[in-house]
file protein.txt (compact mmCIF, C-alpha atoms)
# COMPACT_ATOMS: atom_id res chain seq x y z
CA MET A 1 118.69 152.82 254.05
CA SER A 2 117.96 156.24 252.72
CA PHE A 3 118.86 159.13 254.96
CA GLY A 4 116.10 161.25 253.44
CA ARG A 5 116.55 164.84 252.28
CA SER A 6 119.26 165.79 254.75
CA GLY A 7 121.62 162.92 253.99
CA LYS A 8 121.44 163.57 250.24
CA LYS A 9 121.20 167.32 250.04
CA LYS A 10 123.90 168.52 252.36
CA SER A 11 126.71 165.97 252.26
CA VAL A 12 128.79 167.63 249.52
CA ALA A 13 128.13 171.21 250.60
CA PHE A 14 128.83 170.43 254.23
CA ALA A 15 132.12 168.67 253.50
CA THR A 16 133.33 171.40 251.17
CA ALA A 17 132.61 174.24 253.54
CA THR A 18 134.10 172.38 256.49
CA ALA A 19 137.45 172.39 254.74
CA ALA A 20 137.20 176.15 254.38
CA LEU A 21 136.19 176.52 258.01
CA ALA A 22 139.09 174.39 259.15
CA LEU A 23 141.54 176.49 257.14
CA ALA A 24 140.08 179.65 258.59
CA VAL A 25 140.38 178.61 262.22
CA GLY A 26 143.37 176.30 262.04
CA VAL A 27 141.64 173.16 263.27
CA SER A 28 141.05 169.87 261.49
CA ALA A 29 137.54 169.34 260.11
CA CYS A 30 135.55 167.14 262.44
CA GLY A 31 132.15 167.44 260.82
CA SER A 32 130.52 169.10 257.89
CA SER A 33 129.30 172.60 257.19
CA GLY A 34 127.93 174.95 254.61
CA SER A 35 127.78 178.71 254.27
CA SER A 36 125.53 181.28 252.68
CA SER A 37 125.32 185.03 252.45
CA SER A 38 122.32 187.29 252.34
CA SER A 39 120.42 187.49 249.08
CA THR A 40 117.08 188.71 247.77
CA SER A 41 115.65 185.28 246.99
CA SER A 42 113.55 184.91 250.14
CA GLY A 43 113.22 188.35 251.57
CA GLY A 44 112.82 190.43 248.43
CA SER A 45 115.29 193.07 249.68
CA SER A 46 116.36 195.72 247.25
CA THR A 47 119.95 196.13 246.06
CA SER A 48 120.18 199.54 247.68
CA SER A 49 119.05 198.27 251.07
CA ALA A 50 121.46 195.35 250.83
CA SER A 51 124.38 197.68 250.08
CA SER A 52 123.58 199.89 253.07
CA ALA A 53 123.07 197.07 255.58
CA LYS A 54 125.73 196.39 258.16
CA THR A 55 127.67 193.22 257.32
CA VAL A 56 127.61 190.69 260.16
CA LYS A 57 128.88 187.13 260.48
CA LEU A 58 126.56 184.59 262.07
CA ALA A 59 126.65 180.80 262.41
CA MET A 60 124.15 177.96 262.81
CA ILE A 61 125.49 174.78 264.44
CA THR A 62 123.32 171.64 264.49
CA ALA A 63 123.76 168.15 265.89
CA SER A 64 124.12 166.14 262.68
CA SER A 65 123.99 166.35 258.90
CA THR A 66 122.34 162.91 258.62
CA GLN A 67 118.85 163.72 259.88
CA ASN A 68 116.10 165.83 258.39
CA ALA A 69 115.10 167.48 261.67
CA PHE A 70 118.47 169.16 262.05
CA GLN A 71 118.54 170.11 258.38
CA GLU A 72 115.16 171.80 258.76
CA MET A 73 116.70 174.12 261.37
CA ALA A 74 119.67 174.84 259.13
CA ASP A 75 117.30 175.57 256.23
CA GLY A 76 115.43 178.05 258.42
CA ALA A 77 118.70 179.74 259.34
CA THR A 78 119.64 180.00 255.67
CA ALA A 79 116.26 181.49 254.78
CA ALA A 80 116.58 184.11 257.50
CA ALA A 81 120.05 185.03 256.27
CA ASP A 82 118.78 185.27 252.70
CA ALA A 83 115.99 187.57 253.88
CA THR A 84 118.33 189.86 255.82
CA PRO A 85 120.76 192.02 253.80
CA GLY A 86 124.26 192.06 255.23
CA VAL A 87 124.09 188.68 257.00
CA LYS A 88 126.89 186.23 256.23
CA LEU A 89 125.90 182.80 257.57
CA THR A 90 127.99 179.70 258.17
CA GLU A 91 126.31 176.36 258.86
CA ALA A 92 128.08 173.40 260.46
CA ALA A 93 127.21 169.95 261.81
CA PRO A 94 129.02 166.67 262.48
CA ASN A 95 128.46 163.79 260.06
CA GLY A 96 126.38 161.90 262.59
CA ILE A 97 125.53 162.81 266.18
CA ASN A 98 128.82 163.41 267.97
CA GLY A 99 128.74 165.81 270.90
CA PRO A 100 132.50 166.45 271.22
CA GLN A 101 132.80 167.16 267.49
CA GLU A 102 129.84 169.52 267.64
CA VAL A 103 131.51 171.36 270.53
CA GLN A 104 134.60 171.81 268.37
CA LEU A 105 132.51 173.17 265.51
CA PHE A 106 130.79 175.57 267.89
CA GLN A 107 134.11 176.79 269.26
CA SER A 108 135.40 177.29 265.72
CA ALA A 109 132.28 179.28 264.89
CA THR A 110 132.84 181.59 267.84
CA GLN A 111 136.15 182.53 266.24
CA THR A 112 134.83 183.12 262.71
CA SER A 113 131.26 184.28 263.39
CA ARG A 114 131.62 186.47 266.43
CA ASP A 115 128.44 188.45 265.75
CA GLY A 116 126.32 185.54 266.93
CA VAL A 117 125.91 181.75 266.97
CA ALA A 118 122.70 179.70 267.12
CA THR A 119 123.15 176.12 268.29
CA MET A 120 121.00 173.01 268.38
CA THR A 121 122.59 170.14 270.28
CA THR A 122 121.46 166.75 271.56
CA THR A 123 124.25 166.87 274.17
CA PRO A 124 123.54 170.07 276.10
CA ASP A 125 125.63 168.87 279.04
CA LEU A 126 128.76 169.14 276.88
CA PHE A 127 127.94 172.74 275.99
CA VAL A 128 127.69 174.25 279.47
CA ARG A 129 131.30 175.44 279.53
CA PRO A 130 131.61 176.29 275.78
CA PHE A 131 128.39 178.33 275.95
CA SER A 132 129.52 180.08 279.12
CA THR A 133 132.91 180.89 277.60
CA ALA A 134 131.36 182.33 274.44
CA VAL A 135 128.89 184.47 276.39
CA GLY A 136 131.72 185.64 278.61
CA GLN A 137 133.57 186.79 275.49
CA GLY A 138 130.58 188.88 274.46
CA ILE A 139 129.40 186.57 271.67
CA PRO A 140 125.58 186.41 271.43
CA VAL A 141 124.39 182.79 271.64
CA VAL A 142 120.90 181.42 271.04
CA ALA A 143 120.01 177.86 272.02
CA VAL A 144 117.69 176.19 269.52
CA ASP A 145 115.38 173.22 270.18
CA ALA A 146 117.21 172.28 273.41
CA PRO A 147 117.75 174.97 276.07
CA GLY A 148 121.11 175.67 277.60
CA LEU A 149 121.59 173.99 280.98
CA PRO A 150 122.15 175.95 284.20
CA GLY A 151 125.60 177.48 284.18
CA SER A 152 125.68 177.92 280.40
CA LYS A 153 124.75 181.63 280.68
CA VAL A 154 122.63 181.31 277.52
CA THR A 155 119.38 183.11 278.29
CA THR A 156 117.68 182.93 274.88
CA PHE A 157 116.03 179.67 273.88
CA VAL A 158 113.96 179.16 270.70
CA GLY A 159 111.92 175.99 270.77
CA ASN A 160 108.41 174.61 270.61
CA SER A 161 106.60 173.08 273.58
CA ASN A 162 107.41 169.39 273.24
CA THR A 163 104.95 168.49 275.98
CA ALA A 164 102.17 170.15 273.98
CA LEU A 165 103.39 168.47 270.78
CA GLY A 166 103.27 165.06 272.45
CA GLU A 167 99.79 165.72 273.81
CA SER A 168 98.56 166.81 270.38
CA LEU A 169 99.97 163.69 268.75
CA GLY A 170 98.51 161.51 271.50
CA LYS A 171 95.04 163.01 270.98
CA LYS A 172 95.35 162.46 267.24
CA MET A 173 96.27 158.80 267.72
CA LEU A 174 93.22 158.24 269.92
CA GLN A 175 91.04 158.86 266.88
CA LYS A 176 92.18 155.43 265.65
CA ILE A 177 92.07 153.64 269.02
CA PRO A 178 88.61 152.55 270.30
CA ALA A 179 87.64 153.66 273.80
CA ASN A 180 87.48 150.05 275.04
CA ALA A 181 90.74 148.96 273.41
CA THR A 182 93.10 146.64 275.28
CA GLY A 183 96.65 145.60 274.52
CA GLU A 184 100.05 147.24 274.28
CA VAL A 185 101.10 150.68 273.14
CA VAL A 186 104.81 150.47 272.41
CA PHE A 187 107.04 153.52 272.83
CA GLY A 188 110.52 154.11 271.47
CA ASN A 189 112.98 156.86 272.40
CA ASP A 190 115.71 157.89 269.99
CA ILE A 191 117.94 159.58 272.58
CA PRO A 192 117.13 158.50 276.16
CA GLY A 193 117.96 161.27 278.59
CA LEU A 194 117.36 164.11 276.13
CA PRO A 195 114.66 166.19 277.84
CA LEU A 196 112.93 167.44 274.68
CA LEU A 197 112.23 163.92 273.43
CA GLN A 198 111.16 162.75 276.88
CA ALA A 199 108.72 165.68 277.04
CA ARG A 200 107.08 164.47 273.81
CA ILE A 201 106.80 160.96 275.22
CA ASP A 202 105.39 162.24 278.49
CA GLY A 203 102.79 164.26 276.59
CA MET A 204 101.68 161.24 274.57
CA LYS A 205 101.59 158.99 277.62
CA LYS A 206 99.55 161.47 279.64
CA VAL A 207 96.80 161.59 277.04
CA ILE A 208 96.70 157.85 276.37
CA GLN A 209 96.74 156.82 280.03
CA ALA A 210 93.99 159.29 280.88
CA GLN A 211 91.65 158.42 277.99
CA ARG A 212 92.50 154.77 277.27
CA PRO A 213 93.19 153.33 280.75
CA ASN A 214 92.88 149.70 279.59
CA LEU A 215 95.96 149.99 277.39
CA LYS A 216 99.35 148.87 278.66
CA ILE A 217 102.26 151.25 278.03
CA VAL A 218 105.41 149.35 277.05
CA GLY A 219 108.79 151.07 276.94
CA PRO A 220 110.12 153.46 275.91
CA PHE A 221 112.80 151.32 274.33
CA ASN A 222 116.09 152.86 273.25
CA VAL A 223 115.74 152.79 269.45
CA GLY A 224 118.75 154.94 268.52
CA ALA A 225 118.85 158.18 266.58
CA GLU A 226 120.93 157.48 263.50
CA PRO A 227 119.03 156.00 260.53
CA THR A 228 120.46 152.48 260.32
CA ASP A 229 120.62 152.05 264.09
CA ASN A 230 117.05 153.25 264.45
CA TYR A 231 115.76 150.79 261.86
CA ASN A 232 117.60 147.85 263.42
CA HIS A 233 116.23 148.63 266.88
CA TRP A 234 112.67 149.11 265.67
CA ASN A 235 112.86 145.89 263.70
CA SER A 236 113.71 144.06 266.92
CA VAL A 237 111.05 145.86 268.93
CA VAL A 238 108.30 145.05 266.42
CA LYS A 239 109.32 141.40 266.32
CA ALA A 240 109.12 141.29 270.13
CA HIS A 241 105.77 143.11 270.21
CA PRO A 242 104.08 142.22 266.90
CA ASN A 243 100.48 142.77 268.01
CA ALA A 244 100.72 146.18 269.64
CA VAL A 245 97.75 148.51 269.32
CA ALA A 246 100.11 151.34 268.32
CA TYR A 247 103.78 152.22 268.00
CA LEU A 248 104.74 155.73 269.11
CA ALA A 249 108.02 157.62 269.22
CA PRO A 250 109.31 161.20 269.38
CA GLY A 251 112.15 161.31 266.87
CA ASP A 252 113.14 162.02 263.29
CA GLN A 253 113.77 158.48 262.03
CA ASP A 254 111.03 156.47 263.75
CA ALA A 255 108.35 156.90 261.09
CA VAL A 256 110.95 156.23 258.39
CA SER A 257 111.95 152.95 260.04
CA MET A 258 108.37 151.82 260.65
CA ASP A 259 107.46 152.60 257.04
CA ARG A 260 110.31 150.38 255.87
CA ILE A 261 109.28 147.57 258.23
CA GLU A 262 105.69 147.68 256.98
CA LYS A 263 106.84 147.51 253.37
CA GLN A 264 109.14 144.58 254.10
CA THR A 265 106.66 142.56 256.16
CA GLY A 266 103.49 143.48 254.32
CA LYS A 267 101.85 144.15 257.69
CA HIS A 268 100.14 147.39 258.68
CA TYR A 269 100.69 149.01 262.06
CA LEU A 270 99.25 152.10 263.71
CA VAL A 271 102.21 154.48 263.86
CA GLY A 272 102.67 157.95 265.25
CA ALA A 273 105.99 159.79 265.35
CA CYS A 274 107.49 163.26 264.94
CA ASP A 275 109.29 165.46 262.40
CA VAL A 276 108.85 165.76 258.64
CA ASP A 277 111.45 163.62 256.92
CA PRO A 278 110.34 163.25 253.28
CA ILE A 279 110.02 159.48 253.64
CA ALA A 280 107.85 159.95 256.72
CA LEU A 281 105.61 162.40 254.88
CA GLN A 282 105.21 159.94 252.01
CA ALA A 283 104.37 157.26 254.56
CA VAL A 284 101.56 159.45 255.90
CA LYS A 285 100.29 159.95 252.36
CA ASN A 286 100.47 156.20 251.69
CA GLY A 287 98.76 155.33 254.97
CA ASN A 288 101.71 153.52 256.59
CA VAL A 289 102.01 156.26 259.23
CA TYR A 290 98.88 157.77 260.74
CA ALA A 291 100.23 161.08 262.03
CA LEU A 292 103.37 163.11 262.68
CA GLY A 293 104.05 165.79 265.23
CA ASP A 294 105.59 168.72 263.33
CA PRO A 295 107.89 170.75 265.62
CA TRP A 296 108.30 173.46 262.98
CA HIS A 297 112.08 173.11 263.03
CA PHE A 298 112.44 175.44 260.04
CA LEU A 299 110.75 178.23 261.95
CA LYS A 300 113.07 177.76 264.93
CA GLY A 301 116.17 178.20 262.79
CA TYR A 302 114.60 181.19 261.04
CA MET A 303 113.69 182.99 264.26
CA ALA A 304 117.03 182.29 265.94
CA ILE A 305 119.04 183.84 263.10
CA SER A 306 116.56 186.72 262.79
CA PHE A 307 117.07 187.56 266.47
CA LEU A 308 120.85 187.35 266.16
CA ALA A 309 120.82 189.53 263.03
CA ALA A 310 118.73 192.20 264.75
CA LYS A 311 121.12 192.12 267.70
CA ALA A 312 124.22 192.43 265.51
CA GLN A 313 122.89 195.00 263.03
CA LYS A 314 120.56 197.14 265.13
CA GLY A 315 121.53 196.47 268.73
CA THR A 316 118.13 194.94 269.46
CA ALA A 317 118.28 192.91 272.67
CA LEU A 318 117.86 189.16 272.30
CA PRO A 319 114.60 187.82 273.76
CA ASP A 320 115.26 186.92 277.39
CA GLY A 321 113.71 183.53 278.06
CA TRP A 322 111.89 180.80 276.13
CA PHE A 323 110.55 181.88 272.74
CA ASN A 324 107.97 179.37 271.49
CA PRO A 325 107.30 179.68 267.72
CA GLY A 326 104.67 176.90 267.75
CA SER A 327 104.16 173.46 266.19
CA GLY A 328 101.66 171.43 264.19
CA ILE A 329 100.32 167.97 263.31
CA VAL A 330 100.58 166.25 259.93
CA ASP A 331 97.92 163.76 258.87
CA ALA A 332 96.15 162.64 255.69
CA GLN A 333 94.17 165.88 255.53
CA ASN A 334 97.16 168.25 255.28
CA VAL A 335 100.07 166.05 254.19
CA ASP A 336 99.95 167.30 250.59
CA GLN A 337 100.23 170.88 251.82
CA VAL A 338 103.20 170.02 254.03
CA MET A 339 104.88 168.02 251.27
CA ASN A 340 104.58 171.04 249.00
CA ARG A 341 106.04 173.20 251.77
CA GLU A 342 109.03 170.91 251.97
CA LYS A 343 109.92 171.15 248.26
CA SER A 344 112.05 174.27 248.69
CA ASN A 345 113.09 176.99 251.08
CA ALA A 346 111.01 179.45 249.08
CA ASN A 347 107.96 177.27 249.73
CA ARG A 348 108.79 177.04 253.42
CA VAL A 349 109.08 180.81 253.69
CA ALA A 350 105.75 181.23 251.88
CA PHE A 351 104.08 178.69 254.17
CA PHE A 352 105.32 180.35 257.35
CA LYS A 353 105.30 183.99 256.16
CA SER A 354 102.30 185.16 258.15
CA THR A 355 103.59 183.43 261.27
CA ILE A 356 107.08 184.87 260.81
CA ASP A 357 105.73 188.39 260.33
CA LYS A 358 103.47 188.11 263.38
CA GLU A 359 106.14 186.67 265.67
CA LEU A 360 108.87 189.11 264.64
CA ALA A 361 106.47 192.02 265.10
CA ASN A 362 105.88 191.15 268.75
CA PRO A 363 108.36 188.57 270.11
CA SER A 364 107.36 189.20 273.71
CA ALA A 365 103.94 187.68 273.04
CA TYR A 366 105.64 184.30 272.52
CA LEU A 367 108.09 184.60 275.39
CA LYS A 368 108.02 182.81 278.75
CA PRO A 369 110.66 182.32 281.47
CA LEU A 370 113.30 179.71 280.70
CA SER A 371 112.15 177.75 283.73
CA GLN A 372 108.84 177.06 281.99
CA ALA A 373 110.37 175.54 278.84
CA ASN A 374 108.91 172.13 278.20
call {"tool": "encode", "arguments": {"input": "protein.txt", "output": "structure tokens"}}
result
Amino acid sequence: MSFGRSGKKKSVAFATATAALALAVGVSACGSSGSSSSSTSSGGSSTSSASSAKTVKLAMITASSTQNAFQEMADGATAAADATPGVKLTEAAPNGINGPQEVQLFQSATQTSRDGVATMTTTPDLFVRPFSTAVGQGIPVVAVDAPGLPGSKVTTFVGNSNTALGESLGKKMLQKIPANATGEVVFGNDIPGLPLLQARIDGMKKVIQAQRPNLKIVGPFNVGAEPTDNYNHWNSVVKAHPNAVAYLAPGDQDAVSMDRIEKQTGKHYLVGACDVDPIALQAVKNGNVYALGDPWHFLKGYMAISFLAAKAQKGTALPDGWFNPGSGIVDAQNVDQVMNREKSNANRVAFFKSTIDKELANPSAYLKPLSQAN
């Protein structure tokens, strides 16, 4: 089972840099990490401006090195560091979702990157105390993709509206489901209990139940988040529900698994999922997956590090509340454009440049209270 871009691209770099991180902080390596410093490759900064910029140390911590969604956020963080003279960035993630190990990596980062840490975690409950401790020590912290829970003291959250993403994907799927359709629509959930994924599911369900009332919603079934586990679960679910009208899920690996199942069985299913793993994008191009919700993970990582850099270098206050950078849908009409975007960080920056410029020019226009994050 291929892990896609993230599993291939980052494994060596993450392991190498983790050893350096462990030496620096005196703890054993429990995951994998990479580091980068500012350059002129993405931002086009001049040598003179780079030499005059204040040097700051920032970190980006994500939930796993094995999934494309998390790597997209790390890529965005790297691009922001490259575009900002003076920023020294460390990236870290466990080799597979492991909340306690991610907490340890975060705590290590607060010792080595005290100018600011951005964190995406699938176990926000484990981060309440570590976040609170870091904030209490005066370390700026930005939560990415999943907001900090009450008590964490983290008041800046960068993430798309997952409810809106789910609704958009649901509306897209209805284009392939007749108004009088009957039968099952099968849902999977990669991480039951994680609010951001549940919000996507709720958005899809809301649209389908309202506009296709004769369909029966089945699930969501726990299909697991890691690649092999996700495939095995989906294989069982499809065998148990072989004639479903559609198969829908909110996570990174679902489209990848369904693409593999279709190739192995020779059967075609109507599939909708989320995120832009390269295999999933190819599946959209080949017709094995109808549509993907694109949470713009790259942009979240980019904005989080940009905010932390401005705070560390210029004293600019972090946005207070939920900053929503937006999201999109991938289908046959735009998949080639998105595939080209995903070829390199330079392409990602070019794709999002106008959005980045607009959002950084007026962050308050994209800001809502944390209580409204969905």
call {"tool": "residues_around", "arguments": {"input": "protein.txt", "residues": "segment 241-251 of chain A", "least_positions_apart": "2", "cutoff": "9 Å", "atoms": "all atoms listed in the file", "output": "MDAnalysis selection string"}}
result
chainID A and resid 69 166 170 173 177 181:191 196:201 204 215 220 225 236:239 253:255 258 269:275 293
call {"tool": "atom_distance", "arguments": {"input": "protein.txt", "atom1": "atom CA of Ala317 of chain A", "atom2": "atom CA of Ala59 of chain A"}}
result
17.9 Å
call {"tool": "residues_around", "arguments": {"input": "protein.txt", "residues": "Asn324 of chain A", "least_positions_apart": "5", "cutoff": "7 Å", "atoms": "all atoms listed in the file", "output": "number ranges by chain"}}
result
A: 158-161, 366-367
call {"tool": "atom_distance", "arguments": {"input": "protein.txt", "atom1": "atom CA of Ser65 of chain A", "atom2": "atom CA of Thr121 of chain A"}}
result
12.1 Å
call {"tool": "atom_distance", "arguments": {"input": "protein.txt", "atom1": "atom CA of Arg348 of chain A", "atom2": "atom CA of Leu89 of chain A"}}
result
18.5 Å
call {"tool": "closest_residue", "arguments": {"input": "protein.txt", "among": "A:Ser364, A:Ser113, A:Thr265, A:Asn286", "to": "Asp320 of chain A", "atoms": "all atoms listed in the file"}}
result
A:Ser364
call {"tool": "residues_around", "arguments": {"input": "protein.txt", "residues": "Thr122 of chain A", "least_positions_apart": "4", "cutoff": "8 Å", "atoms": "only C-alpha atoms", "output": "PyMOL selection string"}}
result
chain A and resi 63+97+99+146+194
call {"tool": "residues_around", "arguments": {"input": "protein.txt", "residues": "Phe298 of chain A", "least_positions_apart": "6", "cutoff": "9 Å", "atoms": "only C-alpha atoms", "output": "list in words"}}
result
Ala69, Phe70, Gln71, Glu72, Met73, Ala74, Asp75, Gly76, Ala77, Ala79, Arg348 and Val349 of chain A
call {"tool": "closest_residue", "arguments": {"input": "protein.txt", "among": "A:Thr133, A:Gln211, A:Gln372, A:Thr66", "to": "Gly96 of chain A", "atoms": "only C-alpha atoms"}}
result
A:Thr66
call {"tool": "build_atoms", "arguments": {"input": "protein.txt", "residues": "segment 141-155 of chain A", "atoms": "N, CA, C and O atoms", "output": "mmCIF file, in the frame of the given file"}}
result
data_model
loop_
_atom_site.group_PDB
_atom_site.id
_atom_site.type_symbol
_atom_site.label_atom_id
_atom_site.label_comp_id
_atom_site.auth_asym_id
_atom_site.auth_seq_id
_atom_site.Cartn_x
_atom_site.Cartn_y
_atom_site.Cartn_z
ATOM 1 N N VAL A 141 124.675 184.208 271.885
ATOM 2 C CA VAL A 141 124.390 182.790 271.640
ATOM 3 C C VAL A 141 122.911 182.541 271.860
ATOM 4 O O VAL A 141 122.338 182.979 272.863
ATOM 5 N N VAL A 142 122.301 181.836 270.917
ATOM 6 C CA VAL A 142 120.900 181.420 271.040
ATOM 7 C C VAL A 142 120.856 179.897 271.006
ATOM 8 O O VAL A 142 121.403 179.268 270.097
ATOM 9 N N ALA A 143 120.236 179.305 272.015
ATOM 10 C CA ALA A 143 120.010 177.860 272.020
ATOM 11 C C ALA A 143 118.740 177.555 271.244
ATOM 12 O O ALA A 143 117.719 178.230 271.425
ATOM 13 N N VAL A 144 118.817 176.551 270.373
ATOM 14 C CA VAL A 144 117.690 176.190 269.520
ATOM 15 C C VAL A 144 117.270 174.756 269.805
ATOM 16 O O VAL A 144 118.115 173.856 269.861
ATOM 17 N N ASP A 145 115.976 174.538 270.009
ATOM 18 C CA ASP A 145 115.380 173.220 270.180
ATOM 19 C C ASP A 145 115.664 172.600 271.542
ATOM 20 O O ASP A 145 114.805 171.937 272.097
ATOM 21 N N ALA A 146 116.867 172.766 272.068
ATOM 22 C CA ALA A 146 117.210 172.280 273.410
ATOM 23 C C ALA A 146 117.810 173.436 274.190
ATOM 24 O O ALA A 146 118.808 174.022 273.762
ATOM 25 N N PRO A 147 117.238 173.812 275.338
ATOM 26 C CA PRO A 147 117.750 174.970 276.070
ATOM 27 C C PRO A 147 119.111 174.711 276.681
ATOM 28 O O PRO A 147 119.479 173.561 276.946
ATOM 29 N N GLY A 148 119.854 175.791 276.898
ATOM 30 C CA GLY A 148 121.110 175.670 277.600
ATOM 31 C C GLY A 148 120.867 175.273 279.047
ATOM 32 O O GLY A 148 119.892 175.703 279.673
ATOM 33 N N LEU A 149 121.748 174.442 279.596
ATOM 34 C CA LEU A 149 121.590 173.990 280.980
ATOM 35 C C LEU A 149 122.066 175.074 281.947
ATOM 36 O O LEU A 149 122.787 176.001 281.557
ATOM 37 N N PRO A 150 121.672 174.978 283.216
ATOM 38 C CA PRO A 150 122.150 175.950 284.200
ATOM 39 C C PRO A 150 123.677 176.042 284.186
ATOM 40 O O PRO A 150 124.365 175.027 284.119
ATOM 41 N N GLY A 151 124.169 177.254 284.238
ATOM 42 C CA GLY A 151 125.600 177.480 284.180
ATOM 43 C C GLY A 151 126.097 177.839 282.794
ATOM 44 O O GLY A 151 127.226 178.304 282.634
ATOM 45 N N SER A 152 125.255 177.636 281.768
ATOM 46 C CA SER A 152 125.680 177.920 280.400
ATOM 47 C C SER A 152 125.660 179.416 280.089
ATOM 48 O O SER A 152 126.292 179.857 279.130
ATOM 49 N N LYS A 153 124.908 180.184 280.853
ATOM 50 C CA LYS A 153 124.750 181.630 280.680
ATOM 51 C C LYS A 153 123.989 182.015 279.410
ATOM 52 O O LYS A 153 123.905 183.192 279.067
ATOM 53 N N VAL A 154 123.440 181.033 278.706
ATOM 54 C CA VAL A 154 122.630 181.310 277.520
ATOM 55 C C VAL A 154 121.196 181.535 277.976
ATOM 56 O O VAL A 154 120.549 180.624 278.505
ATOM 57 N N THR A 155 120.698 182.734 277.768
ATOM 58 C CA THR A 155 119.380 183.110 278.290
ATOM 59 C C THR A 155 118.309 183.237 277.215
ATOM 60 O O THR A 155 117.185 183.636 277.515
#
